[in-house]
Amino acid sequence: MNDDTDSGGKTPKPADPLRRNTPLPWQTVKSSQDDPDAAQRVERLVNSEVYRRPDRDIQFLEDDDVRGVRLEIDYLKAELHLRKHGIEQTIVVFGGTRITEPAEAQRNVEQLQKALDDDKQNTVVAERLAIAKRILAKSDFYRIAREFGGIVGRSGRGPQDCRVTLMTGGGPGIMEAANRGAFEVGAKSIGLNITLPHEQYPNPYISEELCFSVHYFAIRKLHFLLRAGALVVFPGGFGTLDELFETLNLVQSRKIKPLPVILVGEQYWRGVFDPDFLLQEGVIDAEDRELFWYAESATEIWEHISDWYRRADSSLICCPA
């Protein structure tokens with residue numbers, strides 16, 4: 001028994017969702033018999049910039065008046081992927097891009113030392129060597145960030161548990177170390193690289209499905225804090241300071257919920273800024289001084305985060321209270 005018999009032979013066959021047997025009038029160009037130049041003019045029209053579909057028109061999308069749309073899609077692409085992979089909370093790690101792993105820092109010192117030995121009066125090389133030695137001294141922070149990335153990576157229920165996931169800015173240095181630690185224990189981690197006027201690359205340890213190129217700093221900052229369960233800040237420069245102080249300001253004003261903010265390397269941070277001086281000068285309050293604290297090792301960082309959540313009568317998703 002066929003379908004026609006079931007319905008008395010009156011039900012037509014469903015139309016193909018895409019193809020037609022008979023072309024519609026607009027599917028063919030006007031005949032050259034009536035206008036020899038019609039086909040050429042139509043070709044110019046369909047290939048013109050104005051006719052180009054808006055979502056495929058890069059020049060249009062880069063116009064100042066379309067900035068709102070760019071902001072929206074800049075946010076949405078990362079947001080939808082984070083949702084897709086079940087990211088509920090992030091442990092955000094900031095730190096300097098110039099703080100390399102110890103072996104690389106040592107090689108740089110040795111190369112500059114050799115250059116200075118060959119030209120002992122070269123003050124430029126001498127200054128670069130002094131800085132390289134200070135970077136070498138700080139290279140242990142690379143090891144700590146790498147170890148901490150592994151701790152975060154092991155905190156869930158296996159590689160597929162992305163509820164709490166490490167997030168960095170996607171660059172080299174401390175960010176690379178943290179992503180690398182997660183990578184080495186088989187865990188996924190996130191990198192939010194930023195579009196810059198010059199060429200740059202994400203570090204090689206970010207999970208491919210969670211490695212983003214973000215155009216606007218504002219959108220990048222939004223994603224850093226939207227799911228943040230903790231902020232861990234290693235020694236760094238202007239970019240690191242920007243993220244740190246913006247977060248402290250947002251927590252201070254309760255624009256975002258308080259979260260643990262941990263500065264790694266008290267000696268370094270005491271040299272960068274003096275919160276006690278700010279308190280004495282009356283430009284912050286005593287309670288603002290308690291919005292962050294210091295740690296010196298990867299295990300200490302994790303213990304501080306866990307203790308903060310216990311004292312808040314709450315917990316990270318991966319660590320029930």
# chains A, B, ... in the order shown; residues from 1 in each chain; ligands from 1
call {"tool": "residues_around", "arguments": {"residues": "Gly237 (chain A)", "least_positions_apart": "3", "cutoff": "8 Å", "atoms": "only C-alpha atoms", "output": "list in words"}}
result
Gly95, Gly96, Thr240 and Leu241 of chain A
call {"tool": "write_last_selection", "arguments": {"atoms": "N, CA and C atoms", "output": "tab-separated table (two decimals), in the first residue's frame"}}
result
chain	number	residue	atom	x	y	z
A	95	GLY	N	49.77	37.84	34.10
A	95	GLY	CA	51.19	37.94	34.41
A	95	GLY	C	51.98	38.39	33.20
A	96	GLY	N	53.22	38.73	33.42
A	96	GLY	CA	54.05	39.34	32.39
A	96	GLY	C	54.40	38.41	31.24
A	240	THR	N	49.19	43.75	32.96
A	240	THR	CA	48.86	43.05	34.20
A	240	THR	C	48.28	44.02	35.23
A	241	LEU	N	48.91	45.19	35.36
A	241	LEU	CA	48.42	46.19	36.30
A	241	LEU	C	47.04	46.68	35.92
call {"tool": "residues_around", "arguments": {"residues": "region 169-176 of chain A", "least_positions_apart": "4", "cutoff": "9 Å", "atoms": "only C-alpha atoms", "output": "VMD selection string"}}
result
chain A and resid 92 to 101 141 to 143 145 to 146 180 to 181 190 to 194 200 to 206 211 to 213 220 224 234 to 236
call {"tool": "write_last_selection", "arguments": {"atoms": "N, CA and C atoms", "output": "compact mmCIF listing (two decimals), in the first residue's frame"}}
result
# COMPACT_ATOMS: atom_id res chain seq x y z
N VAL A 92 41.22 32.85 36.58
CA VAL A 92 41.89 33.74 35.63
C VAL A 92 43.31 34.02 36.11
N VAL A 93 44.27 33.84 35.23
CA VAL A 93 45.67 34.07 35.55
C VAL A 93 46.22 35.18 34.66
N PHE A 94 46.77 36.22 35.30
CA PHE A 94 47.46 37.30 34.59
C PHE A 94 48.94 37.25 34.95
N GLY A 95 49.77 37.84 34.10
CA GLY A 95 51.19 37.94 34.41
C GLY A 95 51.98 38.39 33.20
N GLY A 96 53.22 38.73 33.42
CA GLY A 96 54.05 39.34 32.39
C GLY A 96 54.40 38.41 31.24
N THR A 97 54.36 38.96 30.04
CA THR A 97 54.72 38.21 28.83
C THR A 97 56.23 38.02 28.71
N ARG A 98 57.00 38.83 29.40
CA ARG A 98 58.46 38.78 29.29
C ARG A 98 59.11 37.80 30.27
N ILE A 99 58.31 37.25 31.17
CA ILE A 99 58.86 36.30 32.15
C ILE A 99 58.83 34.90 31.53
N THR A 100 59.96 34.49 31.01
CA THR A 100 60.06 33.24 30.27
C THR A 100 60.41 32.08 31.20
N GLU A 101 60.40 30.88 30.64
CA GLU A 101 60.80 29.72 31.44
C GLU A 101 62.30 29.81 31.75
N PHE A 141 58.73 32.22 38.66
CA PHE A 141 57.28 32.45 38.60
C PHE A 141 56.67 31.67 37.44
N TYR A 142 57.45 31.46 36.36
CA TYR A 142 56.96 30.63 35.25
C TYR A 142 56.69 29.22 35.76
N ARG A 143 57.62 28.70 36.55
CA ARG A 143 57.44 27.35 37.12
C ARG A 143 56.21 27.31 38.02
N ALA A 145 53.52 29.27 37.96
CA ALA A 145 52.30 29.39 37.16
C ALA A 145 52.01 28.08 36.44
N ARG A 146 53.03 27.42 35.97
CA ARG A 146 52.87 26.12 35.29
C ARG A 146 52.32 25.08 36.25
N ARG A 180 50.09 25.92 29.91
CA ARG A 180 50.94 24.73 29.75
C ARG A 180 50.72 23.73 30.87
N GLY A 181 50.59 24.24 32.09
CA GLY A 181 50.34 23.34 33.22
C GLY A 181 49.05 22.57 33.07
N ILE A 190 41.57 28.00 28.54
CA ILE A 190 41.08 29.05 27.66
C ILE A 190 42.15 30.10 27.44
N GLY A 191 42.22 30.65 26.23
CA GLY A 191 43.10 31.78 25.94
C GLY A 191 42.34 32.84 25.18
N LEU A 192 42.36 34.07 25.69
CA LEU A 192 41.69 35.19 25.02
C LEU A 192 42.75 36.12 24.45
N ASN A 193 43.22 35.82 23.25
CA ASN A 193 44.20 36.67 22.61
C ASN A 193 43.53 37.96 22.15
N ILE A 194 44.30 39.04 22.05
CA ILE A 194 43.74 40.32 21.66
C ILE A 194 44.30 40.74 20.31
N GLN A 200 50.97 38.73 16.12
CA GLN A 200 51.22 38.03 17.37
C GLN A 200 50.62 36.64 17.27
N TYR A 201 51.01 35.80 18.18
CA TYR A 201 50.53 34.42 18.16
C TYR A 201 50.03 34.01 19.55
N PRO A 202 49.02 33.14 19.60
CA PRO A 202 48.63 32.56 20.89
C PRO A 202 49.70 31.55 21.32
N ASN A 203 49.79 31.32 22.61
CA ASN A 203 50.75 30.31 23.05
C ASN A 203 50.24 28.91 22.67
N PRO A 204 51.13 27.94 22.52
CA PRO A 204 50.75 26.64 21.94
C PRO A 204 50.03 25.68 22.88
N TYR A 205 49.71 26.11 24.10
CA TYR A 205 49.15 25.18 25.08
C TYR A 205 47.67 25.41 25.36
N ILE A 206 47.06 26.37 24.68
CA ILE A 206 45.63 26.62 24.82
C ILE A 206 44.86 25.54 24.08
N CYS A 211 40.44 28.68 22.12
CA CYS A 211 41.43 29.71 21.81
C CYS A 211 40.77 30.78 20.95
N PHE A 212 40.64 31.99 21.50
CA PHE A 212 39.88 33.05 20.84
C PHE A 212 40.77 34.24 20.48
N SER A 213 40.41 34.89 19.38
CA SER A 213 41.01 36.16 19.01
C SER A 213 39.94 37.23 19.20
N ARG A 220 37.23 41.60 25.89
CA ARG A 220 38.16 40.66 26.54
C ARG A 220 38.07 40.77 28.06
N PHE A 224 36.98 37.99 30.86
CA PHE A 224 37.86 37.64 31.99
C PHE A 224 37.08 37.55 33.29
N PHE A 234 50.36 37.30 38.68
CA PHE A 234 51.80 37.16 38.79
C PHE A 234 52.48 38.48 38.41
N PRO A 235 53.75 38.63 38.71
CA PRO A 235 54.45 39.85 38.30
C PRO A 235 54.28 40.13 36.82
N GLY A 236 54.08 41.40 36.50
CA GLY A 236 53.88 41.80 35.12
C GLY A 236 53.94 43.30 34.98
call {"tool": "residues_around", "arguments": {"residues": "Pro258 (chain A)", "least_positions_apart": "2", "cutoff": "10 Å", "atoms": "only C-alpha atoms", "output": "ChimeraX atom specification"}}
result
/A:229-230,247-248,250-256,260-261,291,312
call {"tool": "write_last_selection", "arguments": {"atoms": "C-alpha atoms", "output": "CSV table (one decimal), in the first residue's frame"}}
result
chain,number,residue,atom,x,y,z
A,229,GLY,CA,35.9,32.4,40.4
A,230,ALA,CA,39.3,33.7,41.3
A,247,THR,CA,39.2,44.2,39.0
A,248,LEU,CA,39.9,45.7,42.4
A,250,LEU,CA,35.0,46.7,40.3
A,251,VAL,CA,35.0,44.7,43.5
A,252,GLN,CA,35.5,47.8,45.7
A,253,SER,CA,32.4,49.4,44.1
A,254,ARG,CA,30.6,46.1,44.2
A,255,LYS,CA,30.0,46.3,40.5
A,256,ILE,CA,31.0,42.7,40.5
A,260,PRO,CA,39.6,36.0,45.8
A,261,VAL,CA,42.4,38.2,44.3
A,291,LEU,CA,40.4,42.8,48.8
A,312,ALA,CA,32.4,32.8,52.3
call {"tool": "closest_residue", "arguments": {"among": "A:Leu129, A:Ala228, A:Leu71, A:Ile151", "to": "Asp117 (chain A)", "atoms": "only C-alpha atoms"}}
result
A:Leu129
call {"tool": "residues_around", "arguments": {"residues": "Arg289 (chain A)", "least_positions_apart": "3", "cutoff": "9 Å", "atoms": "only C-alpha atoms", "output": "PyMOL selection string"}}
result
chain A and resi 275-276+278-279+284-286+292-293
call {"tool": "select_by_dssp", "arguments": {"residues": "region 18-125 of chain A", "states": "strand (DSSP E or B)", "output": "PyMOL selection string"}}
result
chain A and resi 89-94
call {"tool": "select_by_dssp", "arguments": {"residues": "region 37-89 of chain A", "states": "helix (DSSP H, G or I)", "output": "PyMOL selection string"}}
result
chain A and resi 38-46+54-56+58-61+64-84
call {"tool": "write_last_selection", "arguments": {"atoms": "C-alpha atoms", "output": "short mmCIF file (atom, residue, chain, number, x, y, z; two decimals), in the first residue's frame"}}
result
data_model
loop_
_atom_site.label_atom_id
_atom_site.label_comp_id
_atom_site.auth_asym_id
_atom_site.auth_seq_id
_atom_site.Cartn_x
_atom_site.Cartn_y
_atom_site.Cartn_z
CA ALA A 38 22.33 43.17 -19.94
CA ALA A 39 24.51 40.25 -18.81
CA GLN A 40 27.57 42.44 -18.45
CA ARG A 41 25.67 45.05 -16.43
CA VAL A 42 24.19 42.37 -14.15
CA GLU A 43 27.66 40.92 -13.56
CA ARG A 44 28.91 44.36 -12.46
CA LEU A 45 25.93 44.73 -10.14
CA VAL A 46 26.30 41.40 -8.36
CA PRO A 54 26.52 42.75 4.79
CA ASP A 55 27.87 39.80 6.82
CA ARG A 56 30.43 39.16 4.05
CA ILE A 58 34.54 43.32 5.51
CA GLN A 59 34.87 46.98 4.55
CA PHE A 60 31.31 47.64 5.71
CA LEU A 61 31.85 45.74 8.96
CA ASP A 64 32.82 53.29 12.47
CA ASP A 65 29.02 53.23 12.35
CA VAL A 66 28.98 49.43 12.62
CA ARG A 67 31.03 49.33 15.82
CA GLY A 68 28.00 48.23 17.86
CA VAL A 69 27.57 45.15 15.69
CA ARG A 70 31.29 44.36 15.97
CA LEU A 71 31.12 44.63 19.74
CA GLU A 72 28.17 42.25 19.81
CA ILE A 73 29.71 39.55 17.65
CA ASP A 74 33.07 39.98 19.41
CA TYR A 75 31.28 39.07 22.63
CA LEU A 76 28.99 36.40 21.19
CA LYS A 77 31.52 34.18 19.44
CA ALA A 78 33.52 33.48 22.59
CA GLU A 79 30.40 33.39 24.77
CA LEU A 80 28.64 30.76 22.68
CA HIS A 81 31.73 28.56 22.54
CA LEU A 82 32.24 28.83 26.31
CA ARG A 83 28.63 27.78 26.86
CA LYS A 84 28.96 24.94 24.38
#
call {"tool": "residues_around", "arguments": {"residues": "region 105-116 of chain A", "least_positions_apart": "3", "cutoff": "6 Å", "atoms": "only C-alpha atoms", "output": "PDB file with N, CA and C atoms, in the first residue's frame"}}
result
ATOM      1  N   THR A 100      59.963  34.492  31.012  1.00  0.00           N
ATOM      2  CA  THR A 100      60.058  33.236  30.267  1.00  0.00           C
ATOM      3  C   THR A 100      60.414  32.082  31.199  1.00  0.00           C
ATOM      4  N   PRO A 102      62.748  29.203  32.846  1.00  0.00           N
ATOM      5  CA  PRO A 102      64.134  29.372  33.301  1.00  0.00           C
ATOM      6  C   PRO A 102      65.189  29.069  32.242  1.00  0.00           C
ATOM      7  N   ASP A 119      82.816  42.937  24.235  1.00  0.00           N
ATOM      8  CA  ASP A 119      82.804  44.406  24.117  1.00  0.00           C
ATOM      9  C   ASP A 119      82.490  44.989  25.484  1.00  0.00           C
ATOM     10  N   LYS A 120      83.497  45.014  26.352  1.00  0.00           N
ATOM     11  CA  LYS A 120      83.288  45.345  27.763  1.00  0.00           C
ATOM     12  C   LYS A 120      82.823  46.780  27.997  1.00  0.00           C
ATOM     13  N   LEU A 129      71.928  43.127  29.906  1.00  0.00           N
ATOM     14  CA  LEU A 129      72.336  41.969  30.695  1.00  0.00           C
ATOM     15  C   LEU A 129      71.793  42.068  32.121  1.00  0.00           C
ATOM     16  N   ALA A 132      68.217  41.182  31.945  1.00  0.00           N
ATOM     17  CA  ALA A 132      68.072  39.744  31.687  1.00  0.00           C
ATOM     18  C   ALA A 132      68.293  38.929  32.963  1.00  0.00           C
ATOM     19  N   LEU A 136      65.725  36.443  34.748  1.00  0.00           N
ATOM     20  CA  LEU A 136      66.104  35.083  35.150  1.00  0.00           C
ATOM     21  C   LEU A 136      65.708  34.832  36.602  1.00  0.00           C
TER      22      LEU A 136
END
